[in-house]
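Q: Let me give you the structure first, and then I'll get to my questions.
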Amino acid sequence: MNKAAEDQRKVVTQMEEMLLETFNTMKKVCSDKCTSYKYDKTDLVKNEAVCIDRCVAKYMDLHDSIGKRLSRDKETYDLLANPPYETNPLKTEAFKLKTEADKLLS
Amino acid sequence: MKNMAGLQGMQPGAQQSVEESMRPFREFLTQYNKITEKCFTDCVTDFTTRNITNTENSCSINCLEKTLKTTQRISERFQEHQLLNVEDPSAAMQQMGK
């Protein structure tokens, strides 16, 4: 597999994982919003079922429009993708200072 | 070690960077889901219709923008804190002047 195909496969994997996360989150949110906490029956009452249908529709709708907004500009992507600190240990100030110190001492 | 001959071209650093390069993207997707969850939970309350209402829509837009601004501000303060206490006090003082 060439690199481009390999990278694309990785992206697809990430998106699949995200889709699973979306599904699980939506399950939790819609159960909380739509089903009663009284548990006096096993079946869903009619309005619970209708609520769930609508909840799923709305959730996916909102998910899509948020996705559009978030991917609109690079700034937003960068804000969410990168933590506000240096993650590569070789690039930190501390490491640079240490390297300098080592040079002086050797 | 003989069967590692095929891996000669790939140093440990190279292998790591392929996985590492996916991490920001993964983080973006995680945050995307979290924002959706938060704004949906806080804003969408009307289940008499399957369409998002105008109230819910403007609430969600505000929620999204506010969350992004909050994240931005928190990141800035965090970065200042890191510089001040961990890395480079002079750079932190410069940053805080902004």
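Chain labels follow the order of the structure tokens: the first chain is A, the next B, and so on; residue numbering restarts at 1 in every chain, and ligands are counted from 1 in their shown order.
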Within 12 Å of Asp42 in chain B, counting only C-alpha atoms, which residues show up once you throw out same-chain ones fewer than 3 positions away? Write them as a PyMOL selection string, please.
A: (chain A and resi 29+33) or (chain B and resi 35-39+45-46+56-57+59-64)
Q: Using only C-alpha atoms, which residues sit within 9 Å of Ser36 in chain A once same-chain residues fewer than 4 positions away are excluded, as number ranges by chain?
A: A: 31-32, 48
Q: Report as a ChimeraX atom specification all protein, DNA and RNA residues lying within 8 Å of Tyr59 in chain A, evaluated on only C-alpha atoms, omitting residues in the same chain fewer than 3 positions from it.
A: /A:26,55-56,62-63 /B:40
Q: When the cut-off is 6 Å and we count only C-alpha atoms, which residues of chain B are near chain A, given as JSON, numbers by chain?
A: {"B": [24, 25, 27, 28, 36, 47, 50, 75, 79, 87]}
Q: Just to be explicit: take each residue in the selection above, keep all heavy atoms, and write the result as a PDB file, in the first residue's frame.
A:
ATOM      1  N   PRO B  24      -3.710  14.836  16.420  1.00  0.00           N
ATOM      2  CA  PRO B  24      -4.510  16.085  16.387  1.00  0.00           C
ATOM      3  C   PRO B  24      -5.877  15.892  15.748  1.00  0.00           C
ATOM      4  O   PRO B  24      -6.874  16.416  16.236  1.00  0.00           O
ATOM      5  CB  PRO B  24      -3.644  17.023  15.536  1.00  0.00           C
ATOM      6  CG  PRO B  24      -2.268  16.520  15.679  1.00  0.00           C
ATOM      7  CD  PRO B  24      -2.391  15.028  15.802  1.00  0.00           C
ATOM      8  N   PHE B  25      -5.917  15.135  14.665  1.00  0.00           N
ATOM      9  CA  PHE B  25      -7.181  14.897  13.985  1.00  0.00           C
ATOM     10  C   PHE B  25      -8.148  14.166  14.904  1.00  0.00           C
ATOM     11  O   PHE B  25      -9.318  14.505  15.014  1.00  0.00           O
ATOM     12  CB  PHE B  25      -6.930  14.097  12.708  1.00  0.00           C
ATOM     13  CG  PHE B  25      -8.157  13.863  11.872  1.00  0.00           C
ATOM     14  CD1 PHE B  25      -8.930  14.921  11.433  1.00  0.00           C
ATOM     15  CD2 PHE B  25      -8.548  12.570  11.521  1.00  0.00           C
ATOM     16  CE1 PHE B  25     -10.066  14.722  10.672  1.00  0.00           C
ATOM     17  CE2 PHE B  25      -9.678  12.356  10.753  1.00  0.00           C
ATOM     18  CZ  PHE B  25     -10.444  13.428  10.330  1.00  0.00           C
ATOM     19  N   GLU B  27      -8.102  14.181  18.132  1.00  0.00           N
ATOM     20  CA  GLU B  27      -8.493  15.113  19.192  1.00  0.00           C
ATOM     21  C   GLU B  27      -9.591  16.050  18.699  1.00  0.00           C
ATOM     22  O   GLU B  27     -10.552  16.319  19.413  1.00  0.00           O
ATOM     23  CB  GLU B  27      -7.264  15.911  19.649  1.00  0.00           C
ATOM     24  CG  GLU B  27      -7.536  16.886  20.776  1.00  0.00           C
ATOM     25  CD  GLU B  27      -8.022  16.218  22.044  1.00  0.00           C
ATOM     26  OE1 GLU B  27      -7.720  15.031  22.258  1.00  0.00           O
ATOM     27  OE2 GLU B  27      -8.726  16.895  22.812  1.00  0.00           O
ATOM     28  N   PHE B  28      -9.429  16.524  17.457  1.00  0.00           N
ATOM     29  CA  PHE B  28     -10.455  17.380  16.857  1.00  0.00           C
ATOM     30  C   PHE B  28     -11.798  16.663  16.834  1.00  0.00           C
ATOM     31  O   PHE B  28     -12.831  17.217  17.210  1.00  0.00           O
ATOM     32  CB  PHE B  28     -10.040  17.785  15.438  1.00  0.00           C
ATOM     33  CG  PHE B  28     -11.116  18.480  14.656  1.00  0.00           C
ATOM     34  CD1 PHE B  28     -11.400  19.813  14.881  1.00  0.00           C
ATOM     35  CD2 PHE B  28     -11.860  17.792  13.700  1.00  0.00           C
ATOM     36  CE1 PHE B  28     -12.403  20.459  14.167  1.00  0.00           C
ATOM     37  CE2 PHE B  28     -12.861  18.427  12.984  1.00  0.00           C
ATOM     38  CZ  PHE B  28     -13.134  19.766  13.226  1.00  0.00           C
ATOM     39  N   THR B  36     -20.928  18.833  20.418  1.00  0.00           N
ATOM     40  CA  THR B  36     -22.284  18.470  19.990  1.00  0.00           C
ATOM     41  C   THR B  36     -23.104  17.993  21.183  1.00  0.00           C
ATOM     42  O   THR B  36     -24.260  18.394  21.358  1.00  0.00           O
ATOM     43  CB  THR B  36     -22.232  17.355  18.931  1.00  0.00           C
ATOM     44  OG1 THR B  36     -21.386  17.759  17.862  1.00  0.00           O
ATOM     45  CG2 THR B  36     -23.614  17.067  18.370  1.00  0.00           C
ATOM     46  N   PHE B  47     -39.413  18.372  21.998  1.00  0.00           N
ATOM     47  CA  PHE B  47     -39.565  17.153  21.204  1.00  0.00           C
ATOM     48  C   PHE B  47     -40.967  16.977  20.631  1.00  0.00           C
ATOM     49  O   PHE B  47     -41.411  15.866  20.369  1.00  0.00           O
ATOM     50  CB  PHE B  47     -39.131  15.934  22.023  1.00  0.00           C
ATOM     51  CG  PHE B  47     -37.660  15.980  22.308  1.00  0.00           C
ATOM     52  CD1 PHE B  47     -37.198  16.365  23.559  1.00  0.00           C
ATOM     53  CD2 PHE B  47     -36.737  15.690  21.320  1.00  0.00           C
ATOM     54  CE1 PHE B  47     -35.834  16.439  23.816  1.00  0.00           C
ATOM     55  CE2 PHE B  47     -35.374  15.764  21.570  1.00  0.00           C
ATOM     56  CZ  PHE B  47     -34.925  16.137  22.814  1.00  0.00           C
ATOM     57  N   ARG B  50     -39.744  17.093  14.856  1.00  0.00           N
ATOM     58  CA  ARG B  50     -38.464  16.480  14.520  1.00  0.00           C
ATOM     59  C   ARG B  50     -37.493  17.481  13.908  1.00  0.00           C
ATOM     60  O   ARG B  50     -36.351  17.146  13.614  1.00  0.00           O
ATOM     61  CB  ARG B  50     -38.645  15.253  13.623  1.00  0.00           C
ATOM     62  CG  ARG B  50     -39.174  15.542  12.246  1.00  0.00           C
ATOM     63  CD  ARG B  50     -39.365  14.215  11.481  1.00  0.00           C
ATOM     64  NE  ARG B  50     -38.105  13.593  11.130  1.00  0.00           N
ATOM     65  CZ  ARG B  50     -37.798  12.326  11.394  1.00  0.00           C
ATOM     66  NH1 ARG B  50     -38.646  11.546  12.048  1.00  0.00           N
ATOM     67  NH2 ARG B  50     -36.656  11.822  11.021  1.00  0.00           N
ATOM     68  N   SER B  75      -7.067  28.151  26.779  1.00  0.00           N
ATOM     69  CA  SER B  75      -5.782  27.786  26.188  1.00  0.00           C
ATOM     70  C   SER B  75      -4.749  28.878  26.389  1.00  0.00           C
ATOM     71  O   SER B  75      -3.591  28.594  26.706  1.00  0.00           O
ATOM     72  CB  SER B  75      -5.936  27.517  24.693  1.00  0.00           C
ATOM     73  OG  SER B  75      -6.784  26.418  24.484  1.00  0.00           O
ATOM     74  N   GLN B  79      -1.406  28.438  28.589  1.00  0.00           N
ATOM     75  CA  GLN B  79      -0.105  28.604  27.957  1.00  0.00           C
ATOM     76  C   GLN B  79       0.768  29.556  28.766  1.00  0.00           C
ATOM     77  O   GLN B  79       1.953  29.304  28.969  1.00  0.00           O
ATOM     78  CB  GLN B  79      -0.298  29.154  26.547  1.00  0.00           C
ATOM     79  CG  GLN B  79       0.723  28.703  25.546  1.00  0.00           C
ATOM     80  CD  GLN B  79       0.228  28.951  24.136  1.00  0.00           C
ATOM     81  OE1 GLN B  79      -0.590  29.828  23.903  1.00  0.00           O
ATOM     82  NE2 GLN B  79       0.731  28.184  23.200  1.00  0.00           N
ATOM     83  N   GLU B  87       8.601  26.669  31.863  1.00  0.00           N
ATOM     84  CA  GLU B  87       9.602  26.771  30.807  1.00  0.00           C
ATOM     85  C   GLU B  87      10.455  28.033  30.888  1.00  0.00           C
ATOM     86  O   GLU B  87      11.618  27.996  31.219  1.00  0.00           O
ATOM     87  CB  GLU B  87       8.892  26.750  29.445  1.00  0.00           C
ATOM     88  CG  GLU B  87       8.117  25.475  29.194  1.00  0.00           C
ATOM     89  CD  GLU B  87       8.985  24.319  28.749  1.00  0.00           C
ATOM     90  OE1 GLU B  87      10.187  24.510  28.605  1.00  0.00           O
ATOM     91  OE2 GLU B  87       8.443  23.223  28.558  1.00  0.00           O
TER      92      GLU B  87
END
Q: Apply DSSP to the structure's backbone, then extract all residues of range 37-88 of chain B labelled alpha helix (DSSP H) and return them as a ChimeraX atom specification.
A: /B:37-43,54-82
Q: Please report the interatomic distance between CA of Gln72 in chain B and CA of Thr55 in chain B in Å with one decimal.
A: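 Interatomic distance here is 25.7 Å.
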Q: I'd like the interatomic distance between CA of Asn85 in chain B and CA of Thr87 in chain A, to a tenth of an Å.
A: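 Between CA of Asn85 in chain B and CA of Thr87 in chain A the gap works out to 16.7 Å.
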Q: Restricting the calculation to only C-alpha atoms, which member of B:Gln94, B:Thr49, B:Thr67, B:Gln82 is positioned closest to Tyr32 in chain B?
A: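 Among the listed residues, the smallest separation from Tyr32 in chain B belongs to B:Thr67.
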